[in-house]
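File shown: data07.cif (mmCIF, C-alpha atoms).
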data_target
loop_
_atom_site.label_atom_id
_atom_site.label_comp_id
_atom_site.auth_asym_id
_atom_site.auth_seq_id
_atom_site.Cartn_x
_atom_site.Cartn_y
_atom_site.Cartn_z
CA GLY B 26 106.81 86.04 106.09
CA ASP B 27 107.71 89.48 107.35
CA SER B 28 107.97 89.73 111.11
CA VAL B 29 109.59 91.80 113.82
CA THR B 30 110.60 90.60 117.27
CA GLN B 31 111.44 92.91 120.11
CA MET B 32 112.34 92.34 123.72
CA GLU B 33 109.47 92.05 126.13
CA GLY B 34 109.00 94.66 128.76
CA PRO B 35 108.56 96.36 130.94
CA VAL B 36 112.02 97.80 131.04
CA THR B 37 112.51 99.81 134.21
CA LEU B 38 115.45 102.18 134.48
CA SER B 39 116.59 105.02 136.66
CA GLU B 40 116.97 108.47 135.16
CA GLU B 41 120.25 108.93 133.24
CA ALA B 42 120.72 105.19 132.74
CA PHE B 43 121.69 103.72 129.36
CA LEU B 44 118.88 102.21 127.33
CA THR B 45 118.89 99.36 124.84
CA ILE B 46 115.72 97.87 123.40
CA ASN B 47 116.47 94.95 121.12
CA CYS B 48 114.71 94.48 117.80
CA THR B 49 115.30 91.84 115.13
CA TYR B 50 113.49 91.33 111.83
CA THR B 51 113.09 88.51 109.35
CA ALA B 52 115.64 88.69 106.58
CA THR B 53 113.25 88.88 103.64
CA GLY B 54 113.72 91.52 101.00
CA TYR B 55 115.20 94.93 101.68
CA PRO B 56 112.96 96.55 104.25
CA SER B 57 113.03 100.00 105.69
CA LEU B 58 113.08 99.94 109.48
CA PHE B 59 111.36 102.21 111.96
CA TRP B 60 110.95 102.91 115.64
CA TYR B 61 107.62 104.39 116.74
CA VAL B 62 106.87 105.65 120.25
CA GLN B 63 103.53 105.78 122.05
CA TYR B 64 103.43 108.12 125.03
CA PRO B 65 100.71 107.55 127.63
CA GLY B 66 97.31 108.50 126.27
CA GLU B 67 98.65 109.44 122.86
CA GLY B 68 98.87 107.92 119.39
CA LEU B 69 101.96 106.37 117.83
CA GLN B 70 104.59 108.81 116.63
CA LEU B 71 107.53 108.13 114.37
CA LEU B 72 110.76 108.30 116.40
CA LEU B 73 113.37 107.41 113.79
CA LYS B 74 113.94 105.37 110.65
CA ALA B 75 116.64 103.81 108.48
CA THR B 76 116.23 102.74 104.88
CA LYS B 77 119.31 100.65 104.09
CA ALA B 78 122.08 98.64 105.67
CA ASP B 79 124.45 100.56 107.96
CA ASP B 80 122.17 103.61 108.04
CA LYS B 81 121.78 105.14 111.48
CA GLY B 82 118.51 106.80 112.42
CA SER B 83 118.54 109.30 115.25
CA ASN B 84 116.13 111.63 117.01
CA LYS B 85 115.73 113.11 120.52
CA GLY B 86 118.93 111.40 121.66
CA PHE B 87 117.76 107.98 120.48
CA GLU B 88 119.72 106.04 117.86
CA ALA B 89 119.33 102.79 115.96
CA THR B 90 121.61 101.28 113.31
CA TYR B 91 120.35 99.04 110.50
CA ARG B 92 122.47 95.88 110.84
CA LYS B 93 121.90 93.55 107.92
CA GLU B 94 124.41 90.96 109.12
CA THR B 95 122.52 90.45 112.37
CA THR B 96 119.08 91.53 111.04
CA SER B 97 118.81 93.91 113.95
CA PHE B 98 117.74 97.49 114.61
CA HIS B 99 118.32 97.97 118.33
CA LEU B 100 117.21 101.24 119.91
CA GLU B 101 119.68 102.99 122.19
CA LYS B 102 119.85 106.13 124.28
CA GLY B 103 122.77 107.16 126.41
CA SER B 104 120.85 108.86 129.21
CA VAL B 105 117.12 108.35 129.62
CA GLN B 106 114.73 110.82 131.19
CA VAL B 107 111.45 110.34 133.01
CA SER B 108 109.73 111.87 129.98
CA ASP B 109 110.98 108.95 127.83
CA SER B 110 108.56 106.63 129.62
CA ALA B 111 106.43 105.19 126.83
CA VAL B 112 105.87 102.10 124.71
CA TYR B 113 108.34 101.67 121.86
CA PHE B 114 107.49 99.75 118.69
CA CYS B 115 109.94 98.47 116.10
CA ALA B 116 108.57 98.06 112.57
CA ARG B 117 109.61 97.06 109.07
CA THR B 118 108.12 97.56 105.65
CA ASN B 119 106.77 94.46 103.93
CA ASN B 120 108.36 93.33 100.70
CA ALA B 121 105.79 95.15 98.62
CA GLY B 122 106.68 98.35 100.44
CA ASN B 123 103.05 99.23 101.08
CA MET B 124 102.55 98.51 104.76
CA LEU B 125 104.36 98.17 108.09
CA THR B 126 104.69 95.09 110.27
CA PHE B 127 105.14 95.94 113.93
CA GLY B 128 106.80 94.19 116.83
CA GLY B 129 104.91 93.60 120.04
CA GLY B 130 106.07 96.80 121.72
CA THR B 131 108.32 97.35 124.73
CA ARG B 132 107.17 99.44 127.66
CA LEU B 133 109.88 101.65 129.16
CA MET B 134 109.46 103.07 132.64
CA VAL B 135 112.01 105.62 133.83
CA LYS B 136 112.07 106.44 137.53
CA PRO B 137 113.46 109.67 138.97
CA GLY V 28 93.32 117.95 107.79
CA ALA V 29 96.44 118.55 109.81
CA GLY V 30 96.46 115.07 111.29
CA VAL V 31 94.64 111.76 111.21
CA SER V 32 91.32 112.10 112.98
CA GLN V 33 89.44 109.15 114.44
CA SER V 34 86.01 108.96 115.98
CA PRO V 35 84.63 108.05 118.38
CA SER V 36 87.58 108.21 120.74
CA ASN V 37 85.79 105.85 123.12
CA LYS V 38 82.93 103.46 122.48
CA VAL V 39 81.28 101.13 124.96
CA THR V 40 78.81 98.68 123.50
CA GLU V 41 76.96 95.55 124.41
CA LYS V 42 77.86 92.19 123.02
CA GLY V 43 76.03 91.53 119.77
CA LYS V 44 75.67 95.15 118.72
CA ASP V 45 77.23 96.60 115.57
CA VAL V 46 79.77 99.43 115.75
CA GLU V 47 81.23 101.81 113.20
CA LEU V 48 84.60 103.47 113.61
CA ARG V 49 85.60 106.38 111.44
CA CYS V 50 88.96 107.58 110.18
CA ASP V 51 89.65 110.86 108.43
CA PRO V 52 93.19 110.74 106.99
CA ILE V 53 95.60 113.54 106.24
CA SER V 54 94.53 115.38 103.14
CA GLY V 55 96.29 113.99 100.08
CA HIS V 56 97.31 110.71 101.71
CA THR V 57 96.17 108.03 99.33
CA ALA V 58 97.15 105.08 101.54
CA LEU V 59 95.11 104.27 104.66
CA TYR V 60 95.63 101.52 107.21
CA TRP V 61 93.68 100.00 110.07
CA TYR V 62 95.47 98.26 112.94
CA ARG V 63 94.17 96.78 116.17
CA GLN V 64 95.96 97.04 119.51
CA ARG V 65 94.70 94.80 122.27
CA LEU V 66 95.53 95.74 125.85
CA GLY V 67 99.24 95.29 126.49
CA GLN V 68 99.89 93.87 123.05
CA GLY V 69 101.40 94.97 119.78
CA LEU V 70 99.77 96.24 116.63
CA GLU V 71 97.81 93.77 114.57
CA PHE V 72 97.32 94.68 110.90
CA LEU V 73 93.71 94.59 109.75
CA ILE V 74 93.38 96.16 106.29
CA TYR V 75 95.07 98.54 103.89
CA PHE V 76 93.54 100.86 101.29
CA GLN V 77 95.21 102.42 98.29
CA GLY V 78 92.70 104.97 97.15
CA ASN V 79 89.29 103.36 97.49
CA SER V 80 90.44 99.82 96.89
CA ALA V 81 91.69 97.38 99.48
CA PRO V 82 94.41 95.20 97.94
CA ASP V 83 95.15 93.56 101.28
CA LYS V 84 92.31 92.42 103.53
CA SER V 85 94.28 89.53 104.96
CA GLY V 86 94.29 90.84 108.49
CA LEU V 87 90.54 91.08 109.02
CA PRO V 88 89.93 88.57 111.83
CA SER V 89 86.50 87.35 110.70
CA ASP V 90 83.64 88.11 108.35
CA ARG V 91 82.12 90.26 111.09
CA PHE V 92 84.74 92.86 110.20
CA SER V 93 84.48 95.03 107.11
CA ALA V 94 85.87 98.34 105.97
CA GLU V 95 85.23 100.77 103.20
CA ARG V 96 86.71 103.95 101.92
CA THR V 97 84.91 106.45 99.74
CA GLY V 98 86.23 109.36 97.74
CA GLY V 99 89.76 108.35 98.53
CA SER V 100 89.39 109.94 101.92
CA VAL V 101 87.28 108.90 104.92
CA SER V 102 87.24 105.23 105.90
CA THR V 103 84.80 103.34 108.09
CA LEU V 104 85.60 100.11 109.92
CA THR V 105 82.45 98.18 110.82
CA ILE V 106 82.28 95.37 113.33
CA GLN V 107 79.05 93.42 113.31
CA ARG V 108 77.69 91.39 116.23
CA THR V 109 80.53 92.51 118.48
CA GLN V 110 82.17 90.02 120.83
CA GLN V 111 84.14 90.68 123.99
CA GLU V 112 87.37 89.71 122.25
CA ASP V 113 86.84 92.67 119.90
CA SER V 114 87.66 95.01 122.78
CA ALA V 115 90.78 96.91 121.75
CA VAL V 116 92.07 100.22 120.48
CA TYR V 117 91.55 100.50 116.74
CA LEU V 118 94.23 102.63 115.14
CA CYS V 119 94.08 104.29 111.76
CA ALA V 120 97.11 105.56 109.88
CA SER V 121 97.63 107.23 106.53
CA SER V 122 100.55 107.90 104.25
CA LEU V 123 101.57 108.90 100.78
CA PRO V 124 102.13 105.79 98.64
CA GLY V 125 105.43 103.94 98.73
CA LEU V 126 107.00 103.18 102.09
CA ARG V 127 109.96 101.12 100.96
CA ALA V 128 112.44 103.94 100.49
CA GLY V 129 111.43 105.49 103.79
CA ALA V 130 110.52 108.77 102.16
CA ASN V 131 106.92 108.37 103.25
CA VAL V 132 105.91 107.28 106.71
CA LEU V 133 102.74 106.27 108.47
CA THR V 134 101.03 108.96 110.52
CA PHE V 135 98.69 107.56 113.15
CA GLY V 136 95.50 108.84 114.66
CA ALA V 137 94.89 108.72 118.41
CA GLY V 138 92.74 105.63 118.08
CA SER V 139 89.22 104.52 118.93
CA ARG V 140 88.97 102.54 122.15
CA LEU V 141 86.24 99.91 121.90
CA THR V 142 84.92 98.13 124.95
CA VAL V 143 82.44 95.31 124.46
CA LEU V 144 80.56 94.39 127.61
#
How does the structure come out when it is put into structure tokens?
Amino acid sequence: GDSVTQMEGPVTLSEEAFLTINCTYTATGYPSLFWYVQYPGEGLQLLLKATKADDKGSNKGFEATYRKETTSFHLEKGSVQVSDSAVYFCARTNNAGNMLTFGGGTRLMVKP
Amino acid sequence: GAGVSQSPSNKVTEKGKDVELRCDPISGHTALYWYRQRLGQGLEFLIYFQGNSAPDKSGLPSDRFSAERTGGSVSTLTIQRTQQEDSAVYLCASSLPGLRAGANVLTFGAGSRLTVL
């Protein structure tokens, strides 16, 4: 079936450190891939997306590249800020294209 | 509306009581989703509506859970005879139909936090 696996947290970094949060998906169909972010006390917000192989999604300094050969969509940011502290969710569309399957979420904590 | 609105934002109930959670999607969004997020865990899919029909109910955890949508707009998730393991944040999202191409995305509400004592 459709599934998404992401690295377990929490990930704790110092401000300005480099961030990678790993995400892999099951290689069924041709999904679109997403990263959502949930800031403390808020709902999930779309961070970025990619719809086909080799596409790169980017927003707010975050990037993720759709890698079909490794079935991965790792989230990266070159220099994190305290305000990036949140829970990050990787997601894929199902094969019918009518819903999203989410990974378990990765909590990021950035310390000053 | 401008965003997805959920109510109540917080609900504390006693074990065995019934609860109703409401979702008001973005105007014009024909697709509506319910997910559950237990403390410290990921999102668990519950049910999906396209218009008023629910083609995928596979995620409902038991027959104590039901959902309806009327007028292609507001949806209600009902949990009967609540149990402590039902404690979670229930998230609603809506979208225009067709997610595959990435043109349409899910927009989430802030969630309804349910605590069953």
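Running the PyMOL selection byres ((chain B and resi 65) around 9) on this file leaves Gln63, Tyr64, Gly66, Glu67, Gly68, Ser110, Ala111 and Val112 of chain B selected.
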Q. Which residues, protein or nucleic acid, reach to within 12 Å of (110.3, 106.1, 134.8) in the file's coordinates when using only C-alpha atoms, and can you give that as a PyMOL selection string?
A. chain B and resi 35-42+105-112+132-137
Keeping only C-alpha atoms, write those residues as a JSON list (two decimals), in the coordinates of the input.
[["chain", "number", "residue", "atom", "x", "y", "z"],
["B", 35, "PRO", "CA", 108.56, 96.36, 130.94],
["B", 36, "VAL", "CA", 112.02, 97.80, 131.04],
["B", 37, "THR", "CA", 112.51, 99.81, 134.21],
["B", 38, "LEU", "CA", 115.45, 102.18, 134.48],
["B", 39, "SER", "CA", 116.59, 105.02, 136.66],
["B", 40, "GLU", "CA", 116.97, 108.47, 135.16],
["B", 41, "GLU", "CA", 120.25, 108.93, 133.24],
["B", 42, "ALA", "CA", 120.72, 105.19, 132.74],
["B", 105, "VAL", "CA", 117.12, 108.35, 129.62],
["B", 106, "GLN", "CA", 114.73, 110.82, 131.19],
["B", 107, "VAL", "CA", 111.45, 110.34, 133.01],
["B", 108, "SER", "CA", 109.73, 111.87, 129.98],
["B", 109, "ASP", "CA", 110.98, 108.95, 127.83],
["B", 110, "SER", "CA", 108.56, 106.63, 129.62],
["B", 111, "ALA", "CA", 106.43, 105.19, 126.83],
["B", 112, "VAL", "CA", 105.87, 102.10, 124.71],
["B", 132, "ARG", "CA", 107.17, 99.44, 127.66],
["B", 133, "LEU", "CA", 109.88, 101.65, 129.16],
["B", 134, "MET", "CA", 109.46, 103.07, 132.64],
["B", 135, "VAL", "CA", 112.01, 105.62, 133.83],
["B", 136, "LYS", "CA", 112.07, 106.44, 137.53],
["B", 137, "PRO", "CA", 113.46, 109.67, 138.97]]
Q: Find the spatial neighbours of region 92-103 of chain V, counting only C-alpha atoms, within a cut-off of 8 Å - ignore same-chain residues fewer than 2 positions away - and output them as a ChimeraX atom specification.
A: /V:47-52,54,56-57,74,76,78-80,87-90,105-107
Q | Residues matched by the PyMOL selection byres ((chain B) within 12 of (chain V)) as a PyMOL selection string | A | chain B and resi 28-35+54-77+80+82+112-132
**Q.** Atom pair CA of Gly26 (chain B) / CA of Asn131 (chain V): separation (Å)
**A.**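 Computing the Euclidean distance for CA of Gly26 (chain B) and CA of Asn131 (chain V) yields 22.5 Å.
CA of Lys102 (chain B) is found 4.7 Å from CA of Phe87 (chain B).
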Q.
What's the separation between CA of Ser97 (chain B) and CA of Ala78 (chain B), in Å to one decimal place?
A. 10.1 Å
Q | Selection result for the PyMOL selection byres ((chain B and resi 98) around 7) on this file, as a VMD selection string | A | chain B and resid 48 to 49 89 to 92 97 99 to 100
Q.
Give me the residues near Arg108 (chain V) as a list in words, where near means some atom within 9 Å (using all atoms listed in the file) and where sequence neighbours in that chain fewer than 5 positions away do not count.
A. Lys42, Gly43, Lys44, Asp45, Val46 and Arg91 of chain V
(Q) Using only C-alpha atoms - which residues lie no farther than 12 Å from the point (93.1, 92.3, 128.3) in the file's frame? Write them as a ChimeraX atom specification. (A) /V:64-68,111-116,142-143
Regenerate region 71-90 of chain B at the level of N, CA, C and O atoms and dump it as a PDB file, keeping the file's coordinate frame.
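After the write, result.pdb holds the following:
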ATOM      1  N   LEU B  71     106.263 108.592 114.906  1.00  0.00           N
ATOM      2  CA  LEU B  71     107.530 108.130 114.370  1.00  0.00           C
ATOM      3  C   LEU B  71     108.667 108.712 115.209  1.00  0.00           C
ATOM      4  O   LEU B  71     108.718 109.917 115.462  1.00  0.00           O
ATOM      5  N   LEU B  72     109.595 107.844 115.637  1.00  0.00           N
ATOM      6  CA  LEU B  72     110.760 108.300 116.400  1.00  0.00           C
ATOM      7  C   LEU B  72     111.972 108.426 115.481  1.00  0.00           C
ATOM      8  O   LEU B  72     112.640 109.447 115.453  1.00  0.00           O
ATOM      9  N   LEU B  73     112.248 107.358 114.719  1.00  0.00           N
ATOM     10  CA  LEU B  73     113.370 107.410 113.790  1.00  0.00           C
ATOM     11  C   LEU B  73     113.218 106.295 112.762  1.00  0.00           C
ATOM     12  O   LEU B  73     112.411 105.397 112.931  1.00  0.00           O
ATOM     13  N   LYS B  74     114.028 106.367 111.712  1.00  0.00           N
ATOM     14  CA  LYS B  74     113.940 105.370 110.650  1.00  0.00           C
ATOM     15  C   LYS B  74     115.300 105.182 109.995  1.00  0.00           C
ATOM     16  O   LYS B  74     116.197 106.032 110.128  1.00  0.00           O
ATOM     17  N   ALA B  75     115.447 104.070 109.283  1.00  0.00           N
ATOM     18  CA  ALA B  75     116.640 103.810 108.480  1.00  0.00           C
ATOM     19  C   ALA B  75     116.211 103.004 107.263  1.00  0.00           C
ATOM     20  O   ALA B  75     115.381 102.102 107.382  1.00  0.00           O
ATOM     21  N   THR B  76     116.736 103.331 106.119  1.00  0.00           N
ATOM     22  CA  THR B  76     116.230 102.740 104.880  1.00  0.00           C
ATOM     23  C   THR B  76     117.152 101.723 104.240  1.00  0.00           C
ATOM     24  O   THR B  76     116.728 101.001 103.336  1.00  0.00           O
ATOM     25  N   LYS B  77     118.416 101.645 104.668  1.00  0.00           N
ATOM     26  CA  LYS B  77     119.310 100.650 104.090  1.00  0.00           C
ATOM     27  C   LYS B  77     120.381 100.266 105.092  1.00  0.00           C
ATOM     28  O   LYS B  77     120.585 100.939 106.104  1.00  0.00           O
ATOM     29  N   ALA B  78     121.068  99.188 104.765  1.00  0.00           N
ATOM     30  CA  ALA B  78     122.080  98.640 105.670  1.00  0.00           C
ATOM     31  C   ALA B  78     123.119  99.696 106.049  1.00  0.00           C
ATOM     32  O   ALA B  78     123.551 100.489 105.216  1.00  0.00           O
ATOM     33  N   ASP B  79     123.457  99.681 107.345  1.00  0.00           N
ATOM     34  CA  ASP B  79     124.450 100.560 107.960  1.00  0.00           C
ATOM     35  C   ASP B  79     123.954 101.988 108.179  1.00  0.00           C
ATOM     36  O   ASP B  79     124.676 102.805 108.757  1.00  0.00           O
ATOM     37  N   ASP B  80     122.746 102.291 107.728  1.00  0.00           N
ATOM     38  CA  ASP B  80     122.170 103.610 108.040  1.00  0.00           C
ATOM     39  C   ASP B  80     121.934 103.712 109.538  1.00  0.00           C
ATOM     40  O   ASP B  80     121.553 102.736 110.184  1.00  0.00           O
ATOM     41  N   LYS B  81     122.111 104.892 110.088  1.00  0.00           N
ATOM     42  CA  LYS B  81     121.780 105.140 111.480  1.00  0.00           C
ATOM     43  C   LYS B  81     120.671 106.183 111.529  1.00  0.00           C
ATOM     44  O   LYS B  81     120.826 107.277 110.984  1.00  0.00           O
ATOM     45  N   GLY B  82     119.570 105.831 112.178  1.00  0.00           N
ATOM     46  CA  GLY B  82     118.510 106.800 112.420  1.00  0.00           C
ATOM     47  C   GLY B  82     118.705 107.391 113.805  1.00  0.00           C
ATOM     48  O   GLY B  82     119.155 106.712 114.725  1.00  0.00           O
ATOM     49  N   SER B  83     118.376 108.665 113.951  1.00  0.00           N
ATOM     50  CA  SER B  83     118.540 109.300 115.250  1.00  0.00           C
ATOM     51  C   SER B  83     117.518 110.416 115.430  1.00  0.00           C
ATOM     52  O   SER B  83     117.118 111.073 114.466  1.00  0.00           O
ATOM     53  N   ASN B  84     117.100 110.591 116.689  1.00  0.00           N
ATOM     54  CA  ASN B  84     116.130 111.630 117.010  1.00  0.00           C
ATOM     55  C   ASN B  84     115.994 111.700 118.524  1.00  0.00           C
ATOM     56  O   ASN B  84     115.927 110.657 119.192  1.00  0.00           O
ATOM     57  N   LYS B  85     115.953 112.890 119.089  1.00  0.00           N
ATOM     58  CA  LYS B  85     115.730 113.110 120.520  1.00  0.00           C
ATOM     59  C   LYS B  85     116.711 112.335 121.380  1.00  0.00           C
ATOM     60  O   LYS B  85     116.375 111.903 122.485  1.00  0.00           O
ATOM     61  N   GLY B  86     117.921 112.118 120.901  1.00  0.00           N
ATOM     62  CA  GLY B  86     118.930 111.400 121.660  1.00  0.00           C
ATOM     63  C   GLY B  86     118.887 109.899 121.477  1.00  0.00           C
ATOM     64  O   GLY B  86     119.771 109.184 121.956  1.00  0.00           O
ATOM     65  N   PHE B  87     117.866 109.402 120.790  1.00  0.00           N
ATOM     66  CA  PHE B  87     117.760 107.980 120.480  1.00  0.00           C
ATOM     67  C   PHE B  87     118.487 107.685 119.168  1.00  0.00           C
ATOM     68  O   PHE B  87     118.497 108.507 118.262  1.00  0.00           O
ATOM     69  N   GLU B  88     119.064 106.479 119.087  1.00  0.00           N
ATOM     70  CA  GLU B  88     119.720 106.040 117.860  1.00  0.00           C
ATOM     71  C   GLU B  88     119.412 104.578 117.607  1.00  0.00           C
ATOM     72  O   GLU B  88     119.185 103.819 118.554  1.00  0.00           O
ATOM     73  N   ALA B  89     119.431 104.206 116.332  1.00  0.00           N
ATOM     74  CA  ALA B  89     119.330 102.790 115.960  1.00  0.00           C
ATOM     75  C   ALA B  89     120.058 102.618 114.639  1.00  0.00           C
ATOM     76  O   ALA B  89     119.898 103.441 113.729  1.00  0.00           O
ATOM     77  N   THR B  90     120.840 101.552 114.531  1.00  0.00           N
ATOM     78  CA  THR B  90     121.610 101.280 113.310  1.00  0.00           C
ATOM     79  C   THR B  90     121.089 100.039 112.630  1.00  0.00           C
ATOM     80  O   THR B  90     120.890  98.999 113.270  1.00  0.00           O
TER      81      THR B  90
END
